[in-house]
$ cat model.tsv   # TSV, N, CA, C and O atoms
chain	number	residue	atom	x	y	z
A	11	MET	N	152.50	41.34	150.55
A	11	MET	CA	152.98	41.35	149.18
A	11	MET	C	154.49	41.39	149.17
A	11	MET	O	155.11	41.95	150.06
A	12	ASP	N	155.07	40.83	148.14
A	12	ASP	CA	156.52	40.86	148.00
A	12	ASP	C	156.89	41.22	146.57
A	12	ASP	O	156.02	41.52	145.75
A	13	GLU	N	158.18	41.22	146.28
A	13	GLU	CA	158.64	41.65	144.95
A	13	GLU	C	158.08	40.79	143.83
A	13	GLU	O	158.04	41.22	142.69
A	14	HIS	N	157.59	39.60	144.12
A	14	HIS	CA	157.01	38.75	143.09
A	14	HIS	C	155.66	39.30	142.62
A	14	HIS	O	155.16	38.90	141.58
A	15	ASP	N	155.07	40.20	143.41
A	15	ASP	CA	153.81	40.84	143.04
A	15	ASP	C	154.02	42.05	142.14
A	15	ASP	O	153.06	42.64	141.66
A	16	LEU	N	155.27	42.46	141.92
A	16	LEU	CA	155.58	43.64	141.14
A	16	LEU	C	155.08	43.48	139.71
A	16	LEU	O	155.32	42.47	139.06
A	17	ILE	N	154.39	44.51	139.23
A	17	ILE	CA	153.86	44.52	137.87
A	17	ILE	C	154.68	45.50	137.05
A	17	ILE	O	154.75	46.69	137.39
A	18	HIS	N	155.31	45.03	135.99
A	18	HIS	CA	156.11	45.89	135.11
A	18	HIS	C	155.27	46.33	133.92
A	18	HIS	O	154.56	45.52	133.33
A	19	SER	N	155.36	47.59	133.58
A	19	SER	CA	154.61	48.13	132.45
A	19	SER	C	155.21	47.64	131.13
A	19	SER	O	156.44	47.59	130.98
A	20	PRO	N	154.36	47.35	130.16
A	20	PRO	CA	154.87	47.03	128.82
A	20	PRO	C	155.47	48.26	128.13
A	20	PRO	O	156.11	48.13	127.08
A	21	LEU	N	155.32	49.43	128.73
A	21	LEU	CA	155.87	50.66	128.15
A	21	LEU	C	157.32	50.90	128.56
A	21	LEU	O	157.95	51.84	128.05
A	22	GLN	N	157.86	50.09	129.45
A	22	GLN	CA	159.28	50.23	129.82
A	22	GLN	C	160.11	50.16	128.56
A	22	GLN	O	159.78	49.42	127.62
A	23	GLN	N	161.21	50.92	128.54
A	23	GLN	CA	162.02	50.95	127.33
A	23	GLN	C	163.40	51.55	127.59
A	23	GLN	O	163.63	52.19	128.60
A	24	ILE	N	164.26	51.31	126.61
A	24	ILE	CA	165.56	51.97	126.57
A	24	ILE	C	165.41	53.22	125.71
A	24	ILE	O	164.90	53.14	124.60
A	25	TYR	N	165.82	54.35	126.24
A	25	TYR	CA	165.74	55.62	125.52
A	25	TYR	C	167.16	56.05	125.19
A	25	TYR	O	167.99	56.19	126.08
A	26	ARG	N	167.44	56.20	123.90
A	26	ARG	CA	168.80	56.53	123.45
A	26	ARG	C	168.84	57.92	122.83
A	26	ARG	O	167.93	58.33	122.13
A	27	ASP	N	169.96	58.61	123.10
A	27	ASP	CA	170.20	59.92	122.51
A	27	ASP	C	171.67	60.25	122.71
A	27	ASP	O	172.24	59.94	123.76
A	28	GLN	N	172.28	60.89	121.72
A	28	GLN	CA	173.67	61.34	121.81
A	28	GLN	C	174.61	60.23	122.28
A	28	GLN	O	175.46	60.42	123.12
A	29	ASP	N	174.47	59.04	121.72
A	29	ASP	CA	175.32	57.89	122.04
A	29	ASP	C	175.27	57.47	123.51
A	29	ASP	O	176.16	56.79	124.00
A	30	ARG	N	174.25	57.89	124.23
A	30	ARG	CA	174.04	57.48	125.61
A	30	ARG	C	172.65	56.88	125.70
A	30	ARG	O	171.82	57.06	124.82
A	31	TRP	N	172.37	56.22	126.80
A	31	TRP	CA	171.04	55.63	126.97
A	31	TRP	C	170.63	55.62	128.42
A	31	TRP	O	171.48	55.69	129.32
A	32	VAL	N	169.34	55.58	128.62
A	32	VAL	CA	168.76	55.36	129.94
A	32	VAL	C	167.66	54.31	129.78
A	32	VAL	O	167.05	54.18	128.73
A	33	GLU	N	167.44	53.57	130.84
A	33	GLU	CA	166.34	52.63	130.87
A	33	GLU	C	165.21	53.27	131.67
A	33	GLU	O	165.40	53.69	132.81
A	34	ILE	N	164.05	53.40	131.04
A	34	ILE	CA	162.88	53.93	131.71
A	34	ILE	C	162.11	52.75	132.28
A	34	ILE	O	161.59	51.91	131.53
A	35	CYS	N	162.08	52.66	133.60
A	35	CYS	CA	161.42	51.56	134.30
A	35	CYS	C	160.13	52.08	134.92
A	35	CYS	O	160.14	53.09	135.63
A	36	ILE	N	159.04	51.39	134.64
A	36	ILE	CA	157.73	51.79	135.16
A	36	ILE	C	157.11	50.54	135.77
A	36	ILE	O	156.96	49.52	135.08
A	37	TYR	N	156.77	50.62	137.05
A	37	TYR	CA	156.26	49.42	137.72
A	37	TYR	C	155.34	49.81	138.87
A	37	TYR	O	155.29	50.97	139.29
A	38	ARG	N	154.59	48.84	139.35
A	38	ARG	CA	153.70	49.07	140.48
A	38	ARG	C	153.42	47.76	141.19
A	38	ARG	O	153.70	46.68	140.68
A	39	MET	N	152.87	47.89	142.37
A	39	MET	CA	152.34	46.76	143.11
A	39	MET	C	150.84	46.72	142.83
A	39	MET	O	150.26	47.73	142.44
A	40	PRO	N	150.21	45.58	143.04
A	40	PRO	CA	148.75	45.55	142.88
A	40	PRO	C	148.11	46.63	143.76
A	40	PRO	O	148.54	46.88	144.89
A	41	ASN	N	147.13	47.31	143.22
A	41	ASN	CA	146.36	48.32	143.96
A	41	ASN	C	147.16	49.56	144.34
A	41	ASN	O	146.84	50.23	145.33
A	42	THR	N	148.23	49.87	143.60
A	42	THR	CA	148.97	51.12	143.80
A	42	THR	C	149.10	51.82	142.46
A	42	THR	O	148.83	51.25	141.41
A	43	GLY	N	149.58	53.07	142.51
A	43	GLY	CA	149.89	53.80	141.29
A	43	GLY	C	151.22	53.33	140.73
A	43	GLY	O	151.90	52.47	141.30
A	44	TRP	N	151.60	53.92	139.62
A	44	TRP	CA	152.84	53.54	138.92
A	44	TRP	C	154.03	54.32	139.46
A	44	TRP	O	153.94	55.52	139.70
A	45	THR	N	155.15	53.65	139.61
A	45	THR	CA	156.42	54.24	140.03
A	45	THR	C	157.29	54.42	138.80
A	45	THR	O	157.34	53.55	137.93
A	46	LEU	N	158.01	55.54	138.75
A	46	LEU	CA	158.92	55.82	137.65
A	46	LEU	C	160.35	55.80	138.16
A	46	LEU	O	160.68	56.48	139.14
A	47	GLU	N	161.19	55.03	137.49
A	47	GLU	CA	162.62	54.97	137.79
A	47	GLU	C	163.37	55.04	136.48
A	47	GLU	O	163.01	54.36	135.52
A	48	VAL	N	164.40	55.87	136.43
A	48	VAL	CA	165.26	55.96	135.25
A	48	VAL	C	166.66	55.54	135.67
A	48	VAL	O	167.23	56.07	136.62
A	49	VAL	N	167.20	54.55	134.96
A	49	VAL	CA	168.53	54.01	135.25
A	49	VAL	C	169.43	54.33	134.06
A	49	VAL	O	169.10	54.01	132.92
A	50	ASP	N	170.58	54.97	134.33
A	50	ASP	CA	171.45	55.36	133.23
A	50	ASP	C	172.42	54.24	132.85
A	50	ASP	O	172.42	53.17	133.47
A	51	ASP	N	173.22	54.49	131.85
A	51	ASP	CA	174.12	53.48	131.31
A	51	ASP	C	175.29	53.15	132.25
A	51	ASP	O	176.06	52.25	132.00
A	52	LYS	N	175.38	53.86	133.35
A	52	LYS	CA	176.38	53.54	134.38
A	52	LYS	C	175.72	52.95	135.62
A	52	LYS	O	176.33	52.83	136.66
A	53	ARG	N	174.42	52.61	135.50
A	53	ARG	CA	173.59	51.97	136.53
A	53	ARG	C	173.23	52.89	137.70
A	53	ARG	O	172.88	52.43	138.78
A	54	ASN	N	173.31	54.22	137.47
A	54	ASN	CA	172.81	55.18	138.45
A	54	ASN	C	171.30	55.27	138.29
A	54	ASN	O	170.78	55.24	137.17
A	55	SER	N	170.59	55.41	139.38
A	55	SER	CA	169.13	55.35	139.35
A	55	SER	C	168.52	56.63	139.91
A	55	SER	O	169.00	57.17	140.91
A	56	THR	N	167.46	57.10	139.27
A	56	THR	CA	166.65	58.21	139.76
A	56	THR	C	165.22	57.70	139.88
A	56	THR	O	164.67	57.20	138.91
A	57	VAL	N	164.65	57.82	141.07
A	57	VAL	CA	163.27	57.40	141.31
A	57	VAL	C	162.50	58.62	141.76
A	57	VAL	O	162.94	59.35	142.65
A	58	TRP	N	161.34	58.86	141.16
A	58	TRP	CA	160.51	59.99	141.53
A	58	TRP	C	159.62	59.64	142.70
A	58	TRP	O	159.09	58.53	142.79
A	59	ASP	N	159.45	60.59	143.61
A	59	ASP	CA	158.50	60.45	144.71
A	59	ASP	C	157.10	60.52	144.12
A	59	ASP	O	156.87	61.13	143.10
A	60	GLY	N	156.17	59.94	144.79
A	60	GLY	CA	154.80	59.98	144.31
A	60	GLY	C	154.54	58.90	143.28
A	60	GLY	O	155.45	58.20	142.84
A	61	GLU	N	153.29	58.77	142.93
A	61	GLU	CA	152.89	57.75	141.97
A	61	GLU	C	152.17	58.41	140.81
A	61	GLU	O	151.59	59.48	140.94
A	62	PHE	N	152.19	57.73	139.68
A	62	PHE	CA	151.49	58.18	138.48
A	62	PHE	C	150.21	57.37	138.34
A	62	PHE	O	150.19	56.18	138.67
A	63	GLU	N	149.17	58.00	137.82
A	63	GLU	CA	147.90	57.31	137.66
A	63	GLU	C	147.96	56.24	136.58
A	63	GLU	O	147.26	55.23	136.66
A	64	SER	N	148.80	56.46	135.56
A	64	SER	CA	148.91	55.48	134.48
A	64	SER	C	150.37	55.31	134.09
A	64	SER	O	151.20	56.20	134.31
A	65	ASP	N	150.66	54.17	133.49
A	65	ASP	CA	152.03	53.95	133.00
A	65	ASP	C	152.33	54.89	131.83
A	65	ASP	O	153.47	55.34	131.68
A	66	GLN	N	151.32	55.24	131.04
A	66	GLN	CA	151.52	56.18	129.94
A	66	GLN	C	151.92	57.55	130.47
A	66	GLN	O	152.82	58.19	129.94
A	67	GLU	N	151.28	57.99	131.54
A	67	GLU	CA	151.63	59.27	132.17
A	67	GLU	C	153.08	59.25	132.66
A	67	GLU	O	153.83	60.22	132.47
A	68	ALA	N	153.50	58.15	133.27
A	68	ALA	CA	154.87	58.03	133.76
A	68	ALA	C	155.87	58.08	132.60
A	68	ALA	O	156.89	58.78	132.68
A	69	LEU	N	155.57	57.38	131.52
A	69	LEU	CA	156.47	57.37	130.35
A	69	LEU	C	156.58	58.77	129.76
A	69	LEU	O	157.69	59.25	129.48
A	70	GLU	N	155.46	59.43	129.57
A	70	GLU	CA	155.47	60.78	128.99
A	70	GLU	C	156.25	61.75	129.88
A	70	GLU	O	157.00	62.59	129.38
A	71	PHE	N	156.09	61.62	131.18
A	71	PHE	CA	156.81	62.48	132.12
A	71	PHE	C	158.32	62.23	132.00
A	71	PHE	O	159.10	63.18	131.95
A	72	ALA	N	158.72	60.98	131.96
A	72	ALA	CA	160.15	60.65	131.87
A	72	ALA	C	160.76	61.23	130.60
A	72	ALA	O	161.82	61.88	130.65
A	73	ILE	N	160.11	61.02	129.47
A	73	ILE	CA	160.65	61.52	128.20
A	73	ILE	C	160.68	63.04	128.20
A	73	ILE	O	161.66	63.65	127.75
A	74	SER	N	159.66	63.67	128.76
A	74	SER	CA	159.63	65.12	128.85
A	74	SER	C	160.79	65.65	129.69
A	74	SER	O	161.46	66.61	129.31
A	75	GLU	N	161.03	65.02	130.84
A	75	GLU	CA	162.14	65.44	131.72
A	75	GLU	C	163.49	65.25	131.04
A	75	GLU	O	164.35	66.13	131.10
A	76	ILE	N	163.69	64.12	130.40
A	76	ILE	CA	164.96	63.83	129.72
A	76	ILE	C	165.19	64.84	128.60
A	76	ILE	O	166.28	65.38	128.44
A	77	ASN	N	164.15	65.11	127.80
A	77	ASN	CA	164.28	66.06	126.69
A	77	ASN	C	164.49	67.48	127.18
A	77	ASN	O	165.24	68.24	126.57
A	78	ALA	N	163.84	67.85	128.27
A	78	ALA	CA	163.98	69.21	128.80
A	78	ALA	C	165.39	69.47	129.30
A	78	ALA	O	165.95	70.56	129.11
A	79	ILE	N	165.97	68.49	129.94
A	79	ILE	CA	167.30	68.64	130.54
A	79	ILE	C	168.39	68.27	129.55
A	79	ILE	O	169.47	68.83	129.57
A	80	GLY	N	168.11	67.32	128.69
A	80	GLY	CA	169.13	66.76	127.79
A	80	GLY	C	169.67	65.50	128.44
A	80	GLY	O	169.93	65.49	129.65
A	81	ILE	N	169.82	64.46	127.66
A	81	ILE	CA	170.19	63.17	128.24
A	81	ILE	C	171.54	63.20	128.94
A	81	ILE	O	171.71	62.63	130.00
A	82	VAL	N	172.50	63.93	128.37
A	82	VAL	CA	173.83	63.97	128.98
A	82	VAL	C	173.77	64.67	130.32
A	82	VAL	O	174.31	64.18	131.32
A	83	ASP	N	173.08	65.82	130.40
A	83	ASP	CA	172.95	66.52	131.68
A	83	ASP	C	172.10	65.72	132.66
A	83	ASP	O	172.36	65.73	133.86
A	84	PHE	N	171.07	65.04	132.15
A	84	PHE	CA	170.24	64.21	133.01
A	84	PHE	C	171.08	63.11	133.65
A	84	PHE	O	171.00	62.87	134.84
A	85	ILE	N	171.91	62.48	132.87
A	85	ILE	CA	172.76	61.39	133.37
A	85	ILE	C	173.83	61.93	134.31
A	85	ILE	O	174.07	61.38	135.38
A	86	ASP	N	174.50	62.99	133.89
A	86	ASP	CA	175.60	63.52	134.69
A	86	ASP	C	175.13	64.22	135.96
A	86	ASP	O	175.85	64.27	136.94
A	87	SER	N	173.93	64.77	135.95
A	87	SER	CA	173.40	65.47	137.10
A	87	SER	C	171.89	65.24	137.16
A	87	SER	O	171.11	66.11	136.81
A	88	PRO	N	171.49	64.04	137.58
A	88	PRO	CA	170.06	63.73	137.57
A	88	PRO	C	169.26	64.69	138.44
A	88	PRO	O	169.79	65.24	139.40
A	89	PRO	N	168.01	64.93	138.04
A	89	PRO	CA	167.18	65.84	138.84
A	89	PRO	C	166.96	65.28	140.22
A	89	PRO	O	167.05	64.09	140.45
A	90	THR	N	166.69	66.18	141.15
A	90	THR	CA	166.35	65.71	142.49
A	90	THR	C	165.01	65.01	142.41
A	90	THR	O	164.18	65.34	141.57
A	91	ASN	N	164.83	64.03	143.24
A	91	ASN	CA	163.55	63.33	143.26
A	91	ASN	C	162.47	64.35	143.63
A	91	ASN	O	162.61	65.06	144.60
A	92	SER	N	161.45	64.41	142.82
A	92	SER	CA	160.41	65.39	143.07
A	92	SER	C	159.05	64.82	142.75
A	92	SER	O	158.94	63.87	141.99
A	93	LEU	N	158.08	65.43	143.32
A	93	LEU	CA	156.72	65.05	142.98
A	93	LEU	C	156.42	65.59	141.60
A	93	LEU	O	156.89	66.64	141.22
A	94	HIS	N	155.64	64.87	140.85
A	94	HIS	CA	155.30	65.33	139.51
A	94	HIS	C	154.04	66.15	139.52
A	94	HIS	O	153.35	66.26	140.47

$ encode --input "model.tsv" --output "structure tokens"
Amino acid sequence: MDEHDLIHSPLQQIYRDQDRWVEICIYRMPNTGWTLEVVDDKRNSTVWDGEFESDQEALEFAISEINAIGIVDFIDSPPTNSLH
């Protein structure tokens, strides 16, 4: 398999708050779980270890993490990659 096999979730989106934004990227390869990556407006990326069973679970986790930390703190000091 190669990158052409990558499946992007229709739930991917730009999340805006406090005049800042992050792109929530959710994708997988065939026969794998979903990967969550959040890219900020300065193109810094945070990718979580582990896979999510559904793209909806990944989206809810991303929004929960961003809201818990605050988008500015999330962007300025992204969480360490962790298992969910």

$ closest_residue --input "model.tsv" --among "A:Ala78, A:Asp83, A:Ile24, A:Ile17" --to "A:Val49" --atoms "all atoms listed in the file"
A:Ile24

$ atom_distance --input "model.tsv" --atom1 "atom O of A:Pro40" --atom2 "atom O of A:Leu16"
10.0 Å

$ closest_residue --input "model.tsv" --among "A:Ile76, A:His14, A:Arg38, A:Val32" --to "A:Asn54" --atoms "only N, CA, C and O atoms"
A:Val32

$ closest_residue --input "model.tsv" --among "A:Glu63, A:Thr45, A:Trp58, A:Cys35" --to "A:Gln22" --atoms "only C-alpha atoms"
A:Cys35

$ closest_residue --input "model.tsv" --among "A:Val48, A:Tyr37, A:Asp15, A:Ile81" --to "A:Glu61" --atoms "all atoms listed in the file"
A:Tyr37

$ select_by_dssp --input "model.tsv" --residues "stretch 16-88 of chain A" --states "strand (DSSP E)" --output "list in words"
Ile17, His18, Gln23, Ile24, Tyr25, Arg26, Asp27, Arg30, Trp31, Val32, Glu33, Ile34, Cys35, Ile36, Tyr37, Arg38, Thr45, Leu46, Glu47, Val48, Val49, Asp50, Ser55, Thr56 and Val57 of chain A

$ atom_distance --input "model.tsv" --atom1 "atom N of A:Ser19" --atom2 "atom CA of A:Ile36"
5.1 Å

$ atom_distance --input "model.tsv" --atom1 "atom CA of A:Val57" --atom2 "atom O of A:Asn77"
18.4 Å

$ axis_aligned_box --input "model.tsv" --around "stretch 69-87 of chain A" --padding-each-side "8 Å" --output "JSON"
{"center_x": 165.7, "center_y": 64.0, "center_z": 131.9, "size_x": 36.4, "size_y": 29.2, "size_z": 26.6}

$ select_by_dssp --input "model.tsv" --residues "chain A" --states "alpha helix (DSSP H)" --output "compact mmCIF listing (two decimals) with N, CA, C and O atoms, in the coordinates of the input"
# COMPACT_ATOMS: atom_id res chain seq x y z
N ASP A 65 150.66 54.17 133.49
CA ASP A 65 152.03 53.95 133.00
C ASP A 65 152.33 54.89 131.83
O ASP A 65 153.47 55.34 131.68
N GLN A 66 151.32 55.24 131.04
CA GLN A 66 151.52 56.18 129.94
C GLN A 66 151.92 57.55 130.47
O GLN A 66 152.82 58.19 129.94
N GLU A 67 151.28 57.99 131.54
CA GLU A 67 151.63 59.27 132.17
C GLU A 67 153.08 59.25 132.66
O GLU A 67 153.83 60.22 132.47
N ALA A 68 153.50 58.15 133.27
CA ALA A 68 154.87 58.03 133.76
C ALA A 68 155.87 58.08 132.60
O ALA A 68 156.89 58.78 132.68
N LEU A 69 155.57 57.38 131.52
CA LEU A 69 156.47 57.37 130.35
C LEU A 69 156.58 58.77 129.76
O LEU A 69 157.69 59.25 129.48
N GLU A 70 155.46 59.43 129.57
CA GLU A 70 155.47 60.78 128.99
C GLU A 70 156.25 61.75 129.88
O GLU A 70 157.00 62.59 129.38
N PHE A 71 156.09 61.62 131.18
CA PHE A 71 156.81 62.48 132.12
C PHE A 71 158.32 62.23 132.00
O PHE A 71 159.10 63.18 131.95
N ALA A 72 158.72 60.98 131.96
CA ALA A 72 160.15 60.65 131.87
C ALA A 72 160.76 61.23 130.60
O ALA A 72 161.82 61.88 130.65
N ILE A 73 160.11 61.02 129.47
CA ILE A 73 160.65 61.52 128.20
C ILE A 73 160.68 63.04 128.20
O ILE A 73 161.66 63.65 127.75
N SER A 74 159.66 63.67 128.76
CA SER A 74 159.63 65.12 128.85
C SER A 74 160.79 65.65 129.69
O SER A 74 161.46 66.61 129.31
N GLU A 75 161.03 65.02 130.84
CA GLU A 75 162.14 65.44 131.72
C GLU A 75 163.49 65.25 131.04
O GLU A 75 164.35 66.13 131.10
N ILE A 76 163.69 64.12 130.40
CA ILE A 76 164.96 63.83 129.72
C ILE A 76 165.19 64.84 128.60
O ILE A 76 166.28 65.38 128.44
N ASN A 77 164.15 65.11 127.80
CA ASN A 77 164.28 66.06 126.69
C ASN A 77 164.49 67.48 127.18
O ASN A 77 165.24 68.24 126.57
N ALA A 78 163.84 67.85 128.27
CA ALA A 78 163.98 69.21 128.80
C ALA A 78 165.39 69.47 129.30
O ALA A 78 165.95 70.56 129.11
N ILE A 79 165.97 68.49 129.94
CA ILE A 79 167.30 68.64 130.54
C ILE A 79 168.39 68.27 129.55
O ILE A 79 169.47 68.83 129.57
N ILE A 81 169.82 64.46 127.66
CA ILE A 81 170.19 63.17 128.24
C ILE A 81 171.54 63.20 128.94
O ILE A 81 171.71 62.63 130.00
N VAL A 82 172.50 63.93 128.37
CA VAL A 82 173.83 63.97 128.98
C VAL A 82 173.77 64.67 130.32
O VAL A 82 174.31 64.18 131.32
N ASP A 83 173.08 65.82 130.40
CA ASP A 83 172.95 66.52 131.68
C ASP A 83 172.10 65.72 132.66
O ASP A 83 172.36 65.73 133.86
N PHE A 84 171.07 65.04 132.15
CA PHE A 84 170.24 64.21 133.01
C PHE A 84 171.08 63.11 133.65
O PHE A 84 171.00 62.87 134.84
N ILE A 85 171.91 62.48 132.87
CA ILE A 85 172.76 61.39 133.37
C ILE A 85 173.83 61.93 134.31
O ILE A 85 174.07 61.38 135.38
N ASP A 86 174.50 62.99 133.89
CA ASP A 86 175.60 63.52 134.69
C ASP A 86 175.13 64.22 135.96
O ASP A 86 175.85 64.27 136.94

$ closest_residue --input "model.tsv" --among "A:Val82, A:Leu46, A:Phe62, A:Asp51" --to "A:Asp27" --atoms "only C-alpha atoms"
A:Val82

$ closest_residue --input "model.tsv" --among "A:Trp44, A:Ser74, A:Asp65, A:Lys52" --to "A:Arg30" --atoms "only C-alpha atoms"
A:Lys52

$ residues_around --input "model.tsv" --residues "A:Gln66" --least-positions-apart "5" --cutoff "8 Å" --atoms "only N, CA, C and O atoms" --output "mmCIF file with N, CA, C and O atoms, keeping the file's coordinate frame"
data_model
loop_
_atom_site.group_PDB
_atom_site.id
_atom_site.type_symbol
_atom_site.label_atom_id
_atom_site.label_comp_id
_atom_site.auth_asym_id
_atom_site.auth_seq_id
_atom_site.Cartn_x
_atom_site.Cartn_y
_atom_site.Cartn_z
ATOM 1 N N SER A 19 155.360 47.590 133.580
ATOM 2 C CA SER A 19 154.610 48.130 132.450
ATOM 3 C C SER A 19 155.210 47.640 131.130
ATOM 4 O O SER A 19 156.440 47.590 130.980
ATOM 5 N N LEU A 21 155.320 49.430 128.730
ATOM 6 C CA LEU A 21 155.870 50.660 128.150
ATOM 7 C C LEU A 21 157.320 50.900 128.560
ATOM 8 O O LEU A 21 157.950 51.840 128.050
ATOM 9 N N PHE A 71 156.090 61.620 131.180
ATOM 10 C CA PHE A 71 156.810 62.480 132.120
ATOM 11 C C PHE A 71 158.320 62.230 132.000
ATOM 12 O O PHE A 71 159.100 63.180 131.950
ATOM 13 N N ALA A 72 158.720 60.980 131.960
ATOM 14 C CA ALA A 72 160.150 60.650 131.870
ATOM 15 C C ALA A 72 160.760 61.230 130.600
ATOM 16 O O ALA A 72 161.820 61.880 130.650
ATOM 17 N N ILE A 73 160.110 61.020 129.470
ATOM 18 C CA ILE A 73 160.650 61.520 128.200
ATOM 19 C C ILE A 73 160.680 63.040 128.200
ATOM 20 O O ILE A 73 161.660 63.650 127.750
#
